[in-house]
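First comes the structure, then the notes that go with it.
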Amino acid sequence: MRKIKFRIWFTVLKKMVYTVGITELLFEDGNYYEYNGAKEPVVIEQLTGLYDKNGRGIYEGDIIVLKEDIKYRGIVVYNERMFEAIFNSAGLEDDVLNYIPRYIRIEGNIHENPELLENKCGGNSITSE
């Protein structure tokens with residue numbers, strides 16, 4: 001049985017914390033975490049259960065690169081029933097995570113590396129919305 005892992009982005013502290021399981025998360029409200037007596041807004045992201053070509057776990061909010069003949073950069077999201085990747089280039093299926101993780105490399109995440117979301121070639125950007 002696989003472990004369900006999460007990471008937490010503290011929006012005020014600008015800090016990412018990796019945790020083992022949901023039992024370690026103590027929330028009064030779904031989007032806030034008690035930290036040093038103050039409520040801290042957080043973003044909770046789940047491990048997809050997949051790993052990139054370097055063995056790093058792929059989480060929601062990761063910015064990934066797929067390189068075959070052309071370099072594709074995308075954001076990992078959870079969409080109702082499965083994890084998907086939103087890419088900046090047309091012609092690539094959203095469920096790419098389901099069949100080619102060995103070609104994927106994590107480049108960063110949307111919180112610590114937002115500058116990676118800008119497409120320097122065509123001026124288009126990827127959004128996590």
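Here, A, B, ... name the chains of the structure tokens in the order displayed, residue numbers run from 1 inside each chain, and ligands are numbered from 1 in the same displayed order.
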
Checklist entry - So which residues touch Leu50 in chain A within 10 Å, counting only C-alpha atoms, skipping near sequence neighbours fewer than 5 positions away, as an MDAnalysis selection string? => result chainID A and resid 55:59 83 97:98 100:102

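All residues of protein, DNA or RNA that reach within 12 Å of Gly108 in chain A, judged by only C-alpha atoms and not counting those fewer than 3 positions away in the chain, are Met16, Arg56, Gly57, Ile58, Tyr59, Glu60, Gly61, Asp62, Ile63, Ile64, Val65, Arg73, Gly74, Ile75, Val76, Arg105, His111, Glu112, Asn113, Pro114, Glu115, Leu116 and Leu117 of chain A.
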
Checklist entry - Which distance in Å separates CA of Arg81 in chain A and CA of Leu47 in chain A, to one decimal? => result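 It comes out at 14.2 Å.
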
Checklist entry - If you count only C-alpha atoms, which residues fall within 8 Å of Val43 in chain A, apart from same-chain ones fewer than 5 positions away, as a VMD selection string? => result chain A and resid 8 to 11 31

Store the residues picked out above in a file with C-alpha atoms, as a PDB file, in the first residue's frame.
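And here's part12.pdb as it stands now:
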```pdb
ATOM      1  CA  ILE A   8       2.226  22.462   2.703  1.00  0.00           C
ATOM      2  CA  TRP A   9       3.033  25.894   1.267  1.00  0.00           C
ATOM      3  CA  PHE A  10       2.924  28.577   3.960  1.00  0.00           C
ATOM      4  CA  THR A  11       1.813  31.647   2.020  1.00  0.00           C
ATOM      5  CA  ASN A  31      -7.157  26.676   4.487  1.00  0.00           C
TER       6      ASN A  31
END
```

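Nearest residue to Val12 in chain A among A:Pro41, A:Lys71, A:Asn109, A:Phe87 is A:Pro41, counting only C-alpha atoms.
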